[in-house]
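Structure first, then comments.
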Amino acid sequence: GGDGEKGCCARGWDPVMAFVVVSSLFNAVAYTGGPFPLGYVGLGNVSIGYSGLGDLFVFVYFGLVATLGVPYLFLTKVAFVSTPSFCWNNKAAGFGEFGLNGLLWKRLLTLLYPSFLHALPIGFLAMAIIVVNNLRDRHTDIHARKKTMAVRFGRRFCQVEYFLLVVGTYVFCIWFWWSSALNNGKWTELLPLLSLPVAIPQLKAVAFGGKDGHLCLLQLV
């Protein structure tokens with residue numbers, strides 16, 4: 001019975017990972033590559049780069065998807081490899097056993113919940129990078145009709161956003177440690193705080209000091 005179950009999982013089709021792979025490839029290539037790059041053709045709300053959705057997509061794909069992908073694959077392909085209910089197949093009108101079993105979905109989401117919490121600060125840091133990039137390019141983006149968050153809401157908004165993202169990352173680390181400490185957790189949850197001395201100068205420069213790259217560009221010119 002075990003070999004048959006493993007064979008079922010090996011042949012199973014996982015629509016979640018299929019969507020992640022296809023959408024990731026599309027976003028990576030179509031944003032700036034190909035004959036009609038979404039980041040440059042100006043498709044209004046269809047264009048990720050021009051509609052101000054870049055922050056959201058970075059958070060989702062560089063934060064949530066990148067962090068949750070590994071534990072999701074482990075739980076569905078390794079930990080439950082001998083459980084046929086976790087196999088994606090063509091039964092039940094094409095939905096598969098796993099897709100129709102709400103209890104199994106609830107169990108999987110419960111197991112992924114800790115990984116989801118750790119994915120949030122990863123997404124915050126990824127967003128912080130694009131915030132600085134958009135803050136720097138906001139003047140040229142206006143002429144290019146690229147409606148990033150920096151163009152839509154201005155410099156001050158991005159400075160506050162950057163501050164909340166970076167500080168929020170470290171707040172999450174402390175909260176993780178406190179939550180695990182209540183359950184005899186380990187101090188390793190605090191290891192990311194070692195990077196705080198590096199983050200403080202950046203916070204002062206970007207969130208409070210007016211460093212956005214534009215002034216440096218003017219000095220070079």
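Here's how to read the names in the structure tokens: chain A, B, ... by the order shown, residue numbers from 1 in each chain, ligand numbers from 1 in the order shown.
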> Near Glu189 (chain A), within 7 Å and counting only C-alpha atoms, which residues show up once chain neighbours fewer than 2 positions away are dropped, as a list in words?
Replying inline: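 Counting only C-alpha atoms, the residues come to Cys173, Phe176, Trp177, Lys186, Trp187 and Leu191 of chain A.
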>> Just want the 8 Å neighbourhood of region 163-166 of chain A, counted on only C-alpha atoms, with same-chain residues fewer than 6 positions away dropped. Output as number ranges by chain.
In response: A: 121, 124-125, 127-128, 199, 203, 207
> CA of Pro114 (chain A) to CA of Leu68 (chain A): how many Å, to one decimal?
Replying inline: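 We find that CA of Pro114 (chain A) and CA of Leu68 (chain A) lie 9.7 Å from each other.
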> Given the choices A:Val60, A:Ile122, A:Ile130, A:Leu135, which gets closest to Pro192 (chain A) if the distance is worked out from only C-alpha atoms?
Replying inline: A:Ile122
